[in-house]
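Source file: model01.pdb; contents: PDB, C-alpha atoms.
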```pdb
MODEL        1
ATOM      1  CA  MET A1175       0.000   0.000   0.000
ATOM      2  CA  ALA A1176       1.446   3.360  -0.963
ATOM      3  CA  GLN A1177       1.762   6.061   1.649
ATOM      4  CA  ALA A1178       2.963   9.634   1.463
ATOM      5  CA  ASP A1179       6.088  10.451   3.385
ATOM      6  CA  THR A1180       6.876  13.874   4.868
ATOM      7  CA  ARG A1181       7.919  15.210   1.415
ATOM      8  CA  ASN A1182       4.574  14.176  -0.154
ATOM      9  CA  GLU A1183       6.250  11.392  -2.160
ATOM     10  CA  VAL A1184       4.504   8.057  -2.654
ATOM     11  CA  VAL A1185       6.329   5.218  -0.876
ATOM     12  CA  GLU A1186       5.823   1.722  -2.256
ATOM     13  CA  ARG A1187       5.414  -0.908   0.445
ATOM     14  CA  ILE A1188       7.031  -4.308  -0.029
ATOM     15  CA  GLY A1189       5.397  -7.430   1.370
ATOM     16  CA  TYR A1190       6.374 -11.076   1.733
ATOM     17  CA  LEU A1191       3.675 -13.694   1.210
ATOM     18  CA  THR A1192       4.336 -17.319   2.171
ATOM     19  CA  ARG A1193       2.378 -20.454   1.359
ATOM     20  CA  VAL A1194       3.130 -23.468   3.577
ATOM     21  CA  GLN A1195       2.485 -27.007   2.377
ATOM     22  CA  ILE A1196       3.416 -30.441   3.726
ATOM     23  CA  PHE A1197       4.183 -33.392   1.490
ATOM     24  CA  SER A1198       5.388 -36.928   2.151
ATOM     25  CA  ALA A1199       7.975 -38.596  -0.046
ATOM     26  CA  SER A1200      10.631 -41.277   0.037
ATOM     27  CA  HIS A1201      14.107 -41.230  -1.465
ATOM     28  CA  ARG A1202      17.599 -42.653  -1.235
ATOM     29  CA  LEU A1203      20.683 -40.479  -1.035
ATOM     30  CA  HIS A1204      22.911 -42.041  -3.661
ATOM     31  CA  SER A1205      25.117 -40.477  -6.327
ATOM     32  CA  LEU A1206      25.555 -42.436  -9.549
ATOM     33  CA  SER A1207      28.955 -40.772  -9.997
ATOM     34  CA  LEU A1208      30.299 -42.319  -6.769
ATOM     35  CA  SER A1209      31.052 -45.908  -5.849
ATOM     36  CA  ASP A1210      28.733 -47.800  -3.506
ATOM     37  CA  GLU A1211      31.443 -47.650  -0.851
ATOM     38  CA  VAL A1212      31.831 -43.867  -1.114
ATOM     39  CA  ASN A1213      28.039 -43.384  -1.144
ATOM     40  CA  LYS A1214      27.733 -45.402   2.071
ATOM     41  CA  LYS A1215      30.516 -43.376   3.661
ATOM     42  CA  ILE A1216      29.043 -39.984   2.681
ATOM     43  CA  PHE A1217      25.316 -40.655   3.125
ATOM     44  CA  GLY A1218      25.364 -43.300   5.888
ATOM     45  CA  LYS A1219      21.954 -44.724   6.776
ATOM     46  CA  CYS A1220      20.331 -42.386   4.226
ATOM     47  CA  ASN A1221      21.990 -44.534   1.527
ATOM     48  CA  ASN A1222      19.836 -47.541   2.513
ATOM     49  CA  PRO A1223      19.035 -49.356  -0.775
ATOM     50  CA  ASN A1224      15.353 -49.460   0.234
ATOM     51  CA  GLY A1225      15.279 -45.712   0.892
ATOM     52  CA  HIS A1226      13.594 -43.775   3.663
ATOM     53  CA  GLY A1227      10.937 -41.078   3.871
ATOM     54  CA  HIS A1228      10.144 -37.637   5.212
ATOM     55  CA  ASN A1229       7.178 -35.407   5.846
ATOM     56  CA  TYR A1230       8.616 -32.282   4.247
ATOM     57  CA  LYS A1231       7.252 -28.867   5.187
ATOM     58  CA  VAL A1232       7.725 -26.445   2.287
ATOM     59  CA  GLU A1233       7.418 -22.678   2.533
ATOM     60  CA  VAL A1234       7.262 -20.790  -0.761
ATOM     61  CA  THR A1235       7.681 -17.032  -0.285
ATOM     62  CA  VAL A1236       7.064 -14.317  -2.832
ATOM     63  CA  ARG A1237       8.216 -10.715  -2.418
ATOM     64  CA  GLY A1238       6.759  -7.717  -4.142
ATOM     65  CA  LYS A1239       4.992  -4.418  -4.009
ATOM     66  CA  ILE A1240       1.706  -4.403  -2.138
ATOM     67  CA  ASP A1241      -0.790  -3.340  -4.775
ATOM     68  CA  ARG A1242      -2.550  -0.170  -3.628
ATOM     69  CA  HIS A1243      -5.856  -1.300  -5.150
ATOM     70  CA  THR A1244      -5.977  -4.958  -4.050
ATOM     71  CA  GLY A1245      -3.786  -4.746  -0.968
ATOM     72  CA  MET A1246      -1.959  -7.898  -2.097
ATOM     73  CA  VAL A1247       1.527  -8.864  -3.232
ATOM     74  CA  MET A1248      -0.264 -11.523  -5.291
ATOM     75  CA  ASN A1249      -3.519 -13.406  -5.012
ATOM     76  CA  ILE A1250      -3.012 -16.166  -2.423
ATOM     77  CA  THR A1251      -5.378 -18.391  -4.414
ATOM     78  CA  ASP A1252      -2.991 -18.219  -7.367
ATOM     79  CA  LEU A1253       0.020 -18.946  -5.163
ATOM     80  CA  LYS A1254      -1.828 -21.888  -3.601
ATOM     81  CA  GLN A1255      -2.517 -23.350  -7.061
ATOM     82  CA  HIS A1256       1.099 -22.911  -8.183
ATOM     83  CA  VAL A1257       2.322 -24.728  -5.060
ATOM     84  CA  GLU A1258      -0.204 -27.493  -5.703
ATOM     85  CA  ASP A1259       1.018 -27.892  -9.292
ATOM     86  CA  VAL A1260       4.749 -27.670  -8.530
ATOM     87  CA  VAL A1261       4.976 -29.412  -5.153
ATOM     88  CA  MET A1262       1.969 -31.545  -4.333
ATOM     89  CA  ILE A1263       1.128 -33.164  -7.667
ATOM     90  CA  PRO A1264       4.650 -34.213  -8.680
ATOM     91  CA  LEU A1265       6.166 -34.883  -5.218
ATOM     92  CA  ASP A1266       3.539 -35.905  -2.648
ATOM     93  CA  HIS A1267       3.484 -39.631  -1.825
ATOM     94  CA  LYS A1268       6.152 -40.315  -4.424
ATOM     95  CA  ASN A1269       9.547 -41.942  -4.472
ATOM     96  CA  LEU A1270      11.561 -38.932  -5.588
ATOM     97  CA  ASP A1271      14.280 -41.002  -7.254
ATOM     98  CA  LYS A1272      11.922 -43.258  -9.201
ATOM     99  CA  ASP A1273       8.816 -41.121  -9.812
ATOM    100  CA  VAL A1274      10.274 -37.668 -10.531
ATOM    101  CA  PRO A1275      12.379 -37.623 -13.731
ATOM    102  CA  TYR A1276      14.481 -34.674 -12.490
ATOM    103  CA  PHE A1277      16.002 -36.886  -9.808
ATOM    104  CA  SER A1278      16.984 -39.736 -12.129
ATOM    105  CA  ASP A1279      20.481 -38.223 -12.300
ATOM    106  CA  VAL A1280      20.353 -35.617  -9.494
ATOM    107  CA  VAL A1281      20.882 -36.685  -5.869
ATOM    108  CA  SER A1282      17.584 -36.120  -4.039
ATOM    109  CA  THR A1283      19.025 -34.104  -1.162
ATOM    110  CA  THR A1284      16.756 -31.514   0.388
ATOM    111  CA  GLU A1285      18.968 -28.854  -1.185
ATOM    112  CA  ASN A1286      18.216 -30.289  -4.626
ATOM    113  CA  VAL A1287      14.501 -30.630  -3.821
ATOM    114  CA  ALA A1288      14.532 -26.891  -3.026
ATOM    115  CA  VAL A1289      16.265 -26.166  -6.356
ATOM    116  CA  TYR A1290      13.681 -28.315  -8.173
ATOM    117  CA  ILE A1291      10.820 -26.421  -6.542
ATOM    118  CA  TRP A1292      12.463 -23.045  -7.222
ATOM    119  CA  ASP A1293      13.126 -23.827 -10.887
ATOM    120  CA  ASN A1294       9.531 -24.893 -11.429
ATOM    121  CA  MET A1295       7.929 -22.080  -9.392
ATOM    122  CA  VAL A1296       9.932 -19.390 -11.173
ATOM    123  CA  LYS A1297       8.478 -20.611 -14.510
ATOM    124  CA  ARG A1298       4.926 -19.945 -13.237
ATOM    125  CA  LEU A1299       5.301 -16.668 -11.355
ATOM    126  CA  PRO A1300       5.784 -13.136 -12.673
ATOM    127  CA  ALA A1301       9.438 -12.145 -13.046
ATOM    128  CA  ASP A1302      11.315 -11.351  -9.821
ATOM    129  CA  LEU A1303       8.394 -12.303  -7.550
ATOM    130  CA  LEU A1304       9.745 -15.576  -6.102
ATOM    131  CA  TYR A1305      11.858 -14.780  -3.055
ATOM    132  CA  GLU A1306      12.565 -18.021  -1.197
ATOM    133  CA  VAL A1307      11.928 -21.736  -0.963
ATOM    134  CA  LYS A1308      12.398 -23.124   2.536
ATOM    135  CA  ILE A1309      12.110 -26.840   3.275
ATOM    136  CA  HIS A1310      11.968 -28.401   6.703
ATOM    137  CA  GLU A1311      13.194 -31.954   6.144
ATOM    138  CA  THR A1312      12.909 -32.603   9.883
ATOM    139  CA  ASP A1313      12.333 -30.408  12.916
ATOM    140  CA  LYS A1314      16.104 -29.902  13.077
ATOM    141  CA  ASN A1315      17.128 -29.813   9.394
ATOM    142  CA  VAL A1316      16.019 -26.859   7.261
ATOM    143  CA  ILE A1317      17.249 -25.717   3.855
ATOM    144  CA  VAL A1318      16.693 -22.260   2.371
ATOM    145  CA  TYR A1319      17.177 -21.577  -1.348
ATOM    146  CA  ARG A1320      16.867 -18.150  -2.978
ATOM    147  CA  GLY A1321      17.846 -18.902  -6.543
ATOM    148  CA  GLU A1322      21.523 -18.122  -6.071
TER     149      GLU A1322
ENDMDL
END
```

Would it be possible to restate this file's structure as structure tokens?
Amino acid sequence: MAQADTRNEVVERIGYLTRVQIFSASHRLHSLSLSDEVNKKIFGKCNNPNGHGHNYKVEVTVRGKIDRHTGMVMNITDLKQHVEDVVMIPLDHKNLDKDVPYFSDVVSTTENVAVYIWDNMVKRLPADLLYEVKIHETDKNVIVYRGE
């Protein structure tokens, strides 16, 4: 929302809007470019051949000017649909390594899941609106990716 400052200039307000979504998925941390022995050493129990799973909490944040007419950075309904299309449909209740083509040759670390979400969200949103993808893999492990 624009406001006048003491010099009668219009000040644009910047807002951050976040959509939170939880999805469940399994995966195995394993790099095809490393030997089985090195994979076991690097990834430990997360290299289990049968995989393991997480209930990931994803936070997708957009940043932009608060429209003076609508009062919104963007319509939350639109953001909700983009998150559904990018996160829930392709990732929820899936084996990331076997069901998501992107991870056929990319190690399915949470860092790379954040990159996957970023790359697909940025295709759907207006330019320069996506600010951050944050994923809570567990209560103690959180990754933040800002497209850098």

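From CA of Lys1239 in chain A back to CA of Arg1187 in chain A, the distance works out to 5.7 Å.
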
- Query: Once the PyMOL selection byres ((chain A and resi 1283) around 10) has been applied to the shown file, what residues remain in the selection, as a PyMOL selection string?
  - Reply: chain A and resi 1201-1204+1220+1270+1277+1280-1282+1284-1289+1311+1317

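Residue nearest Met1248 in chain A within the list A:Leu1191, A:Val1232, A:Ile1263, A:Ala1301: A:Leu1191 [criterion: smallest interatomic distance, all atoms listed in the file].
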
Would you translate the PyMOL selection byres ((chain A and resi 1197) around 7) into the concrete set of residues it matches in this file, as a short mmCIF file (atom, residue, chain, number, x, y, z; two decimals) with C-alpha atoms, in the frame of the given file?
```cif
data_model
loop_
_atom_site.label_atom_id
_atom_site.label_comp_id
_atom_site.auth_asym_id
_atom_site.auth_seq_id
_atom_site.Cartn_x
_atom_site.Cartn_y
_atom_site.Cartn_z
CA GLN A 1195 2.48 -27.01 2.38
CA ILE A 1196 3.42 -30.44 3.73
CA SER A 1198 5.39 -36.93 2.15
CA ALA A 1199 7.98 -38.60 -0.05
CA ASN A 1229 7.18 -35.41 5.85
CA TYR A 1230 8.62 -32.28 4.25
CA LYS A 1231 7.25 -28.87 5.19
CA MET A 1262 1.97 -31.54 -4.33
CA ASP A 1266 3.54 -35.90 -2.65
#
```

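Between CA of Glu1322 in chain A and CA of Gly1227 in chain A lies a distance of 27.2 Å.
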
- Item | Hits of the PyMOL selection byres ((chain A and resi 1257) around 9) in this structure, as a PyMOL selection string | chain A and resi 1193-1195+1234+1252-1256+1258-1263+1291+1295

Any chance you could work out the axis-aligned box around range 1186-1202 of chain A, listed atoms only, 6 Å on each side, giving centre and edge lengths in Å to one decimal, as AutoDock Vina command-line options?
```
--center_x 10.0 --center_y -20.5 --center_z 0.7 --size_x 27.2 --size_y 56.4 --size_z 18.0
```

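Distance check against Ser1205 in chain A using all atoms listed in the file: of A:Arg1237, A:Asn1269, A:Asp1279, A:His1243, the minimum falls on A:Asp1279.
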
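Between CA of Asp1271 in chain A and CA of Tyr1290 in chain A there is a distance of 12.7 Å.
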
- Message: For range 1318-1320 of chain A, find every residue with an atom within 6 Å (counting all atoms listed in the file), except residues of its own chain fewer than 3 positions away, and show them as a PyMOL selection string.
- Response: chain A and resi 1306-1308

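Residue nearest Ser1278 in chain A, chosen from A:Gly1189, A:Asp1313, A:Leu1206, A:Tyr1305 and counting all atoms listed in the file: A:Leu1206.
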